[in-house]
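S.K.: Just passing along the structure, written as structure tokens.
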Amino acid sequence: MIERPTRIGVQLAPQHVPMQATIDAARRLEDMGVDAVFGWDHFFPLSGDPDGVHFEATAQLAAWAVATERVQIGPLVFCNSYRNPDLLADVARTIDHISGGRFIFGIGGGWFERDYAEYGYDFGTVGSRLRALSESLPRIRDRWSKLNPPPMGPMPILIGGKGEQKTLPMVAEHADIWHSFVGPDELPHKLEVLRGHCEARGRDIDEIEISNGASVRDGVGGVGFDRLDALHAAGTRLLTIPLSGDDTPDGYALDRVQAFLDWRDAKNA
């Protein structure tokens with residue numbers, strides 16, 4: 001079994017704040033010792049004013065790559081539907097070079113219908129979007145092998161989703177990180193399903209880092225870290241805290257992150 005350190009990520013939703021505020025937040029999180037800073041891939045806010053301030057993912061990630069020096073960066077997650085897969089592979093490779101090899105390539109099938117409708121993409125069905133993702137992943141990896149120069153190193157692929165028949169086979173085939181979107185009660189079953197898909201492909205499930213979302217409610221207001229402890233006991237090693245530009249009147253509530261870093265450090269002691 002591969003022994004992995006516990007890691008903390010933060011997802012900075014690029015909504016309801018100026019671009020410079022997202023850049024400043026990424027820098028501060030790096031200084032605090034966060035392991036990864038993630039964006040998201042939407043065209044409109046998901047909370048608050050639906051027509052509020054919002055920014056595009058790839059350009060924002062490139063800005064973070066310039067502004068930071070050590071922390072990993074990436075999307076949680078790119079929507080496969082929004083870009084030709086060969087183009088997306090090239091975008092990711094380019095940001096990887098800008099960052100000096102710190103890019104995490106997160107990708108999923110997509111789900112936010114307004115993005116599709118207003119930008120002219122076919123929304124289709126859950127099944128058609130996942131089929132498209134399964135067709136794109138080999139193209140993306142093949143394009144990386146053809147680019148000159150290629151990515152700087154073994155750029156990790158993160159796949160988000162929990163479907164047992166379509167998503168988990170893709171995780172077993174392609175992912176270095178699986179962002180599960182499931183709670184501690186459901187996670188052991190999903191891991192057994194994933195293990196079966198890995199074994200069918202001759203792959204060791206221990207090669208895949210298990211990722212999940214934290215919540216700002218975890219560890220705040222006397223709630224404690226029971227949920228995160230349970231996820232950790234089940235094998236999760238990357239926990240990502242979501243922050244939004246409308247968390248407080250001043251923007252991102254970065255002070256909430258320190259308790260999670262202390263929890264991480266205790267797990268790694």
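To be explicit about the labels: the chains of the structure tokens are called A, B, and onward in the order shown, and within each one the residues are counted from 1, while ligands get numbers from 1 in the order they are shown.
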At most 12 Å is the cut-off: for each residue in segment 22-81 of chain A with any atom that close to an atom of segment 179-198 of chain A, write down the nearest atom pair and the distance in Å rounded to one decimal, counting only C-alpha atoms, chain first then increasing number, as a Markdown table.
M.R.:
```
| residue | atom | partner | partner_atom | distance |
| --- | --- | --- | --- | --- |
| A:Pro75 | CA | A:His179 | CA | 11.7 |
| A:Leu76 | CA | A:His179 | CA | 8.7 |
| A:Val77 | CA | A:His179 | CA | 9.5 |
```
S.K.: Restrict the selected residues to all heavy atoms and save them as a PDB file, in the first residue's frame.
M.R.:
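Now in out38.pdb:
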```pdb
ATOM      1  N   PRO A  75      -8.068  23.013 -12.156  1.00  0.00           N
ATOM      2  CA  PRO A  75      -9.520  23.174 -12.093  1.00  0.00           C
ATOM      3  C   PRO A  75     -10.160  22.022 -11.334  1.00  0.00           C
ATOM      4  O   PRO A  75      -9.689  20.886 -11.402  1.00  0.00           O
ATOM      5  CB  PRO A  75      -9.928  23.124 -13.562  1.00  0.00           C
ATOM      6  CG  PRO A  75      -8.937  22.158 -14.150  1.00  0.00           C
ATOM      7  CD  PRO A  75      -7.641  22.355 -13.395  1.00  0.00           C
ATOM      8  N   LEU A  76     -11.206  22.313 -10.635  1.00  0.00           N
ATOM      9  CA  LEU A  76     -12.003  21.277  -9.979  1.00  0.00           C
ATOM     10  C   LEU A  76     -13.451  21.448 -10.450  1.00  0.00           C
ATOM     11  O   LEU A  76     -14.288  21.917  -9.717  1.00  0.00           O
ATOM     12  CB  LEU A  76     -11.896  21.404  -8.455  1.00  0.00           C
ATOM     13  CG  LEU A  76     -12.451  20.249  -7.626  1.00  0.00           C
ATOM     14  CD1 LEU A  76     -11.686  18.972  -7.926  1.00  0.00           C
ATOM     15  CD2 LEU A  76     -12.399  20.548  -6.146  1.00  0.00           C
ATOM     16  N   VAL A  77     -13.747  21.082 -11.656  1.00  0.00           N
ATOM     17  CA  VAL A  77     -12.917  20.491 -12.687  1.00  0.00           C
ATOM     18  C   VAL A  77     -13.224  21.189 -14.006  1.00  0.00           C
ATOM     19  O   VAL A  77     -14.242  21.867 -14.143  1.00  0.00           O
ATOM     20  CB  VAL A  77     -13.184  18.969 -12.843  1.00  0.00           C
ATOM     21  CG1 VAL A  77     -12.662  18.199 -11.657  1.00  0.00           C
ATOM     22  CG2 VAL A  77     -14.698  18.701 -13.034  1.00  0.00           C
TER      23      VAL A  77
END
```
S.K.: Excluding Met32 of chain A and any residue of its chain fewer than 6 positions from it, enumerate the residues within 12 Å of it, using only C-alpha atoms, and give them as an mmCIF file with N, CA, C and O atoms, in the first residue's frame.
M.R.:
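Generated file (part_12.cif):
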```cif
data_model
loop_
_atom_site.group_PDB
_atom_site.id
_atom_site.type_symbol
_atom_site.label_atom_id
_atom_site.label_comp_id
_atom_site.auth_asym_id
_atom_site.auth_seq_id
_atom_site.Cartn_x
_atom_site.Cartn_y
_atom_site.Cartn_z
ATOM 1 N N ILE A 8 -4.377 19.370 1.937
ATOM 2 C CA ILE A 8 -5.510 20.288 1.947
ATOM 3 C C ILE A 8 -5.464 21.154 0.693
ATOM 4 O O ILE A 8 -4.450 21.779 0.378
ATOM 5 N N GLY A 9 -6.580 21.144 -0.033
ATOM 6 C CA GLY A 9 -6.768 22.048 -1.158
ATOM 7 C C GLY A 9 -7.826 23.083 -0.820
ATOM 8 O O GLY A 9 -8.617 22.909 0.116
ATOM 9 N N VAL A 10 -7.828 24.162 -1.571
ATOM 10 C CA VAL A 10 -8.866 25.181 -1.455
ATOM 11 C C VAL A 10 -9.355 25.502 -2.861
ATOM 12 O O VAL A 10 -8.548 25.745 -3.768
ATOM 13 N N ALA A 25 -5.642 35.953 -3.297
ATOM 14 C CA ALA A 25 -6.027 34.837 -2.430
ATOM 15 C C ALA A 25 -5.166 33.610 -2.711
ATOM 16 O O ALA A 25 -4.752 32.904 -1.779
ATOM 17 N N ALA A 26 -4.870 33.334 -3.975
ATOM 18 C CA ALA A 26 -4.014 32.194 -4.306
ATOM 19 C C ALA A 26 -2.629 32.364 -3.690
ATOM 20 O O ALA A 26 -2.058 31.411 -3.142
ATOM 21 N N ARG A 70 4.930 27.624 -5.544
ATOM 22 C CA ARG A 70 5.073 26.287 -4.968
ATOM 23 C C ARG A 70 3.791 25.468 -4.999
ATOM 24 O O ARG A 70 3.829 24.255 -5.167
ATOM 25 N N VAL A 71 2.662 26.093 -4.782
ATOM 26 C CA VAL A 71 1.409 25.366 -4.624
ATOM 27 C C VAL A 71 0.963 24.764 -5.958
ATOM 28 O O VAL A 71 1.184 25.336 -7.028
ATOM 29 N N LEU A 254 -10.493 33.526 4.001
ATOM 30 C CA LEU A 254 -9.288 32.702 4.052
ATOM 31 C C LEU A 254 -8.921 32.286 5.468
ATOM 32 O O LEU A 254 -8.231 31.272 5.659
ATOM 33 N N ASP A 255 -9.377 33.040 6.471
ATOM 34 C CA ASP A 255 -9.043 32.695 7.848
ATOM 35 C C ASP A 255 -9.650 31.352 8.257
ATOM 36 O O ASP A 255 -9.183 30.727 9.209
ATOM 37 N N ARG A 256 -10.654 30.891 7.536
ATOM 38 C CA ARG A 256 -11.278 29.608 7.865
ATOM 39 C C ARG A 256 -10.370 28.421 7.547
ATOM 40 O O ARG A 256 -10.604 27.308 8.014
ATOM 41 N N VAL A 257 -9.351 28.653 6.737
ATOM 42 C CA VAL A 257 -8.532 27.549 6.237
ATOM 43 C C VAL A 257 -7.565 27.030 7.294
ATOM 44 O O VAL A 257 -7.214 25.835 7.293
ATOM 45 N N GLN A 258 -7.120 27.872 8.225
ATOM 46 C CA GLN A 258 -6.057 27.475 9.138
ATOM 47 C C GLN A 258 -6.423 26.253 9.970
ATOM 48 O O GLN A 258 -5.578 25.378 10.207
ATOM 49 N N ALA A 259 -7.670 26.153 10.397
ATOM 50 C CA ALA A 259 -8.070 24.991 11.199
ATOM 51 C C ALA A 259 -7.894 23.692 10.417
ATOM 52 O O ALA A 259 -7.527 22.653 10.988
ATOM 53 N N PHE A 260 -8.118 23.740 9.106
ATOM 54 C CA PHE A 260 -7.951 22.543 8.276
ATOM 55 C C PHE A 260 -6.472 22.209 8.107
ATOM 56 O O PHE A 260 -6.096 21.033 8.075
ATOM 57 N N LEU A 261 -5.639 23.219 8.023
ATOM 58 C CA LEU A 261 -4.201 22.972 7.937
ATOM 59 C C LEU A 261 -3.684 22.354 9.234
ATOM 60 O O LEU A 261 -2.829 21.456 9.201
ATOM 61 N N ASP A 262 -4.198 22.819 10.359
ATOM 62 C CA ASP A 262 -3.800 22.224 11.647
ATOM 63 C C ASP A 262 -4.246 20.763 11.715
ATOM 64 O O ASP A 262 -3.503 19.901 12.215
#
```
S.K.: Taking only C-alpha atoms into account, name the residue in A:Thr22, A:Ser81, A:Asn268, A:Ser145 that is nearest to Phe55 of chain A.
M.R.: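 Checking each candidate against Phe55 of chain A, we get A:Thr22 as the closest.
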S.K.: Identify which of the residues A:Ser134, A:Gln20, A:Gln165, A:Ser215 lies closest to Trp64 of chain A, counting only C-alpha atoms when measuring atom-to-atom distances.
M.R.: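 So, comparing all the options, the nearest one is A:Gln20.
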S.K.: Taking 5 positions as the minimum chain separation for residues in the same chain, which residues sit within 9 Å of Ala62 of chain A when counting only C-alpha atoms? Answer as a list in words.
M.R.: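 Surrounding residues, per the criterion: Ala57, Ala67, Thr94, Ile95, Asp96, Ile98 and Ser99 of chain A.
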S.K.: So how many Å separate atom CA of Asp51 of chain A and atom CA of Ser244 of chain A, to one decimal?
M.R.: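 Straight-line distance from atom CA of Asp51 of chain A to atom CA of Ser244 of chain A works out to 14.8 Å.
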S.K.: Which residues are near Asn80 of chain A? Cut-off 8 Å, only C-alpha atoms, ignore same chain within fewer than 2 positions. Put them as an NGL selection string.
M.R.: :A and (78 or 82-83 or 85 or 107-110 or 132-133 or 136)
S.K.: Mind writing the picked residues with N, CA and C atoms as an mmCIF file, in the first residue's frame?
M.R.:
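part-v4.cif, freshly written:
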```
data_model
loop_
_atom_site.group_PDB
_atom_site.id
_atom_site.type_symbol
_atom_site.label_atom_id
_atom_site.label_comp_id
_atom_site.auth_asym_id
_atom_site.auth_seq_id
_atom_site.Cartn_x
_atom_site.Cartn_y
_atom_site.Cartn_z
ATOM 1 N N PHE A 78 -12.335 21.003 -15.036
ATOM 2 C CA PHE A 78 -12.701 21.426 -16.379
ATOM 3 C C PHE A 78 -13.946 20.671 -16.819
ATOM 4 N N TYR A 82 -16.734 21.983 -23.071
ATOM 5 C CA TYR A 82 -16.565 23.375 -23.458
ATOM 6 C C TYR A 82 -15.419 23.622 -24.434
ATOM 7 N N ARG A 83 -14.547 22.635 -24.636
ATOM 8 C CA ARG A 83 -13.385 22.858 -25.500
ATOM 9 C C ARG A 83 -13.045 21.575 -26.246
ATOM 10 N N PRO A 85 -11.009 18.571 -27.203
ATOM 11 C CA PRO A 85 -10.085 17.917 -26.270
ATOM 12 C C PRO A 85 -8.613 18.127 -26.610
ATOM 13 N N ILE A 107 -10.876 17.111 -14.628
ATOM 14 C CA ILE A 107 -11.873 17.103 -15.699
ATOM 15 C C ILE A 107 -13.089 16.282 -15.278
ATOM 16 N N GLY A 108 -14.238 16.672 -15.808
ATOM 17 C CA GLY A 108 -15.481 15.956 -15.558
ATOM 18 C C GLY A 108 -16.420 16.126 -16.741
ATOM 19 N N GLY A 109 -17.582 15.531 -16.654
ATOM 20 C CA GLY A 109 -18.508 15.503 -17.779
ATOM 21 C C GLY A 109 -19.346 16.751 -17.951
ATOM 22 N N GLY A 110 -19.451 17.593 -16.912
ATOM 23 C CA GLY A 110 -20.269 18.802 -17.005
ATOM 24 C C GLY A 110 -21.681 18.572 -16.504
ATOM 25 N N ALA A 132 -18.912 11.340 -24.066
ATOM 26 C CA ALA A 132 -17.982 12.290 -24.682
ATOM 27 C C ALA A 132 -16.694 12.392 -23.871
ATOM 28 N N LEU A 133 -16.816 12.375 -22.546
ATOM 29 C CA LEU A 133 -15.622 12.419 -21.702
ATOM 30 C C LEU A 133 -14.753 11.188 -21.919
ATOM 31 N N SER A 136 -12.848 11.655 -24.998
ATOM 32 C CA SER A 136 -11.877 12.747 -24.962
ATOM 33 C C SER A 136 -10.597 12.383 -24.234
#
```
S.K.: Residues of segment 104-195 of chain A classed as strand (DSSP E or B) by DSSP on the backbone are to be reported as an MDAnalysis selection string.
M.R.: chainID A and resid 105:108 157:160 177:179
S.K.: Please produce a file of those selected residues containing C-alpha atoms, as a PDB file, in the first residue's frame.
M.R.:
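Produced file selection_39.pdb, reproduced below:
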```
ATOM      1  CA  PHE A 105      -5.541  18.392 -14.871  1.00  0.00           C
ATOM      2  CA  GLY A 106      -9.017  18.073 -13.379  1.00  0.00           C
ATOM      3  CA  ILE A 107     -11.873  17.103 -15.699  1.00  0.00           C
ATOM      4  CA  GLY A 108     -15.481  15.956 -15.558  1.00  0.00           C
ATOM      5  CA  ILE A 157      -5.210  13.691 -14.063  1.00  0.00           C
ATOM      6  CA  LEU A 158      -8.041  14.288 -11.598  1.00  0.00           C
ATOM      7  CA  ILE A 159     -11.467  12.937 -12.531  1.00  0.00           C
ATOM      8  CA  GLY A 160     -14.536  14.024 -10.604  1.00  0.00           C
ATOM      9  CA  ILE A 177      -6.645  11.466  -8.419  1.00  0.00           C
ATOM     10  CA  TRP A 178     -10.310  10.571  -7.932  1.00  0.00           C
ATOM     11  CA  HIS A 179     -12.553  13.315  -6.518  1.00  0.00           C
TER      12      HIS A 179
END
```
S.K.: Restricting the calculation to only C-alpha atoms, which member of A:Phe43, A:Leu238, A:Gly245, A:Gly52 is positioned closest to Tyr119 of chain A?
M.R.: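 For Tyr119 of chain A, the nearest of the candidates is A:Phe43.
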S.K.: Which residues in segment 150-202 of chain A does DSSP call alpha helix (DSSP H)? List them as a ChimeraX atom specification.
M.R.: /A:167-174,187-200
S.K.: Write out as a list in words which residues come within 7 Å of Arg27 of chain A when counting only C-alpha atoms, dropping same-chain ones fewer than 4 positions away.
M.R.: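 Using only C-alpha atoms, the neighbours found are Ile23, Asp31, Ala67 and Thr68 of chain A.
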S.K.: Using only C-alpha atoms, determine which residues lie at most 12 Å from Asp49 of chain A, disregarding the query and same-chain residues fewer than 4 positions distant; provide the list as a short mmCIF file (atom, residue, chain, number, x, y, z; two decimals) with N, CA, C and O atoms, in the first residue's frame.
M.R.:
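Output (part-v6.cif):
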```cif
data_model
loop_
_atom_site.label_atom_id
_atom_site.label_comp_id
_atom_site.auth_asym_id
_atom_site.auth_seq_id
_atom_site.Cartn_x
_atom_site.Cartn_y
_atom_site.Cartn_z
N GLN A 15 -16.12 34.03 -8.47
CA GLN A 15 -17.38 34.76 -8.57
C GLN A 15 -17.47 35.83 -7.49
O GLN A 15 -16.99 35.65 -6.37
N HIS A 16 -18.06 36.97 -7.87
CA HIS A 16 -18.38 38.06 -6.95
C HIS A 16 -17.14 38.75 -6.37
O HIS A 16 -17.23 39.40 -5.33
N VAL A 17 -16.00 38.63 -7.03
CA VAL A 17 -14.79 39.35 -6.63
C VAL A 17 -14.04 39.77 -7.88
O VAL A 17 -14.14 39.13 -8.92
N PHE A 44 -20.88 31.43 -15.25
CA PHE A 44 -21.76 32.26 -14.44
C PHE A 44 -21.66 31.82 -12.98
O PHE A 44 -21.30 30.68 -12.70
N PRO A 45 -21.98 32.72 -12.04
CA PRO A 45 -21.96 32.32 -10.63
C PRO A 45 -22.92 31.17 -10.35
O PRO A 45 -23.98 31.05 -10.98
N VAL A 53 -20.39 39.24 -10.90
CA VAL A 53 -19.03 39.19 -11.44
C VAL A 53 -18.55 37.74 -11.51
O VAL A 53 -18.73 36.97 -10.57
N HIS A 54 -17.92 37.39 -12.64
CA HIS A 54 -17.45 36.01 -12.82
C HIS A 54 -16.36 35.99 -13.88
O HIS A 54 -16.35 36.84 -14.78
N GLY A 245 -16.28 34.15 -3.53
CA GLY A 245 -16.04 35.58 -3.40
C GLY A 245 -17.09 36.32 -2.60
O GLY A 245 -16.86 37.47 -2.20
N ASP A 246 -18.24 35.69 -2.36
CA ASP A 246 -19.27 36.35 -1.55
C ASP A 246 -19.38 35.72 -0.16
O ASP A 246 -20.40 35.85 0.51
#
```
S.K.: Give me the residues near Arg93 of chain A as number ranges by chain, where near means some atom within 12 Å (using only C-alpha atoms) and where sequence neighbours in that chain fewer than 5 positions away do not count.
M.R.: A: 58, 62, 74, 86-88, 98-105, 140-141, 143-156
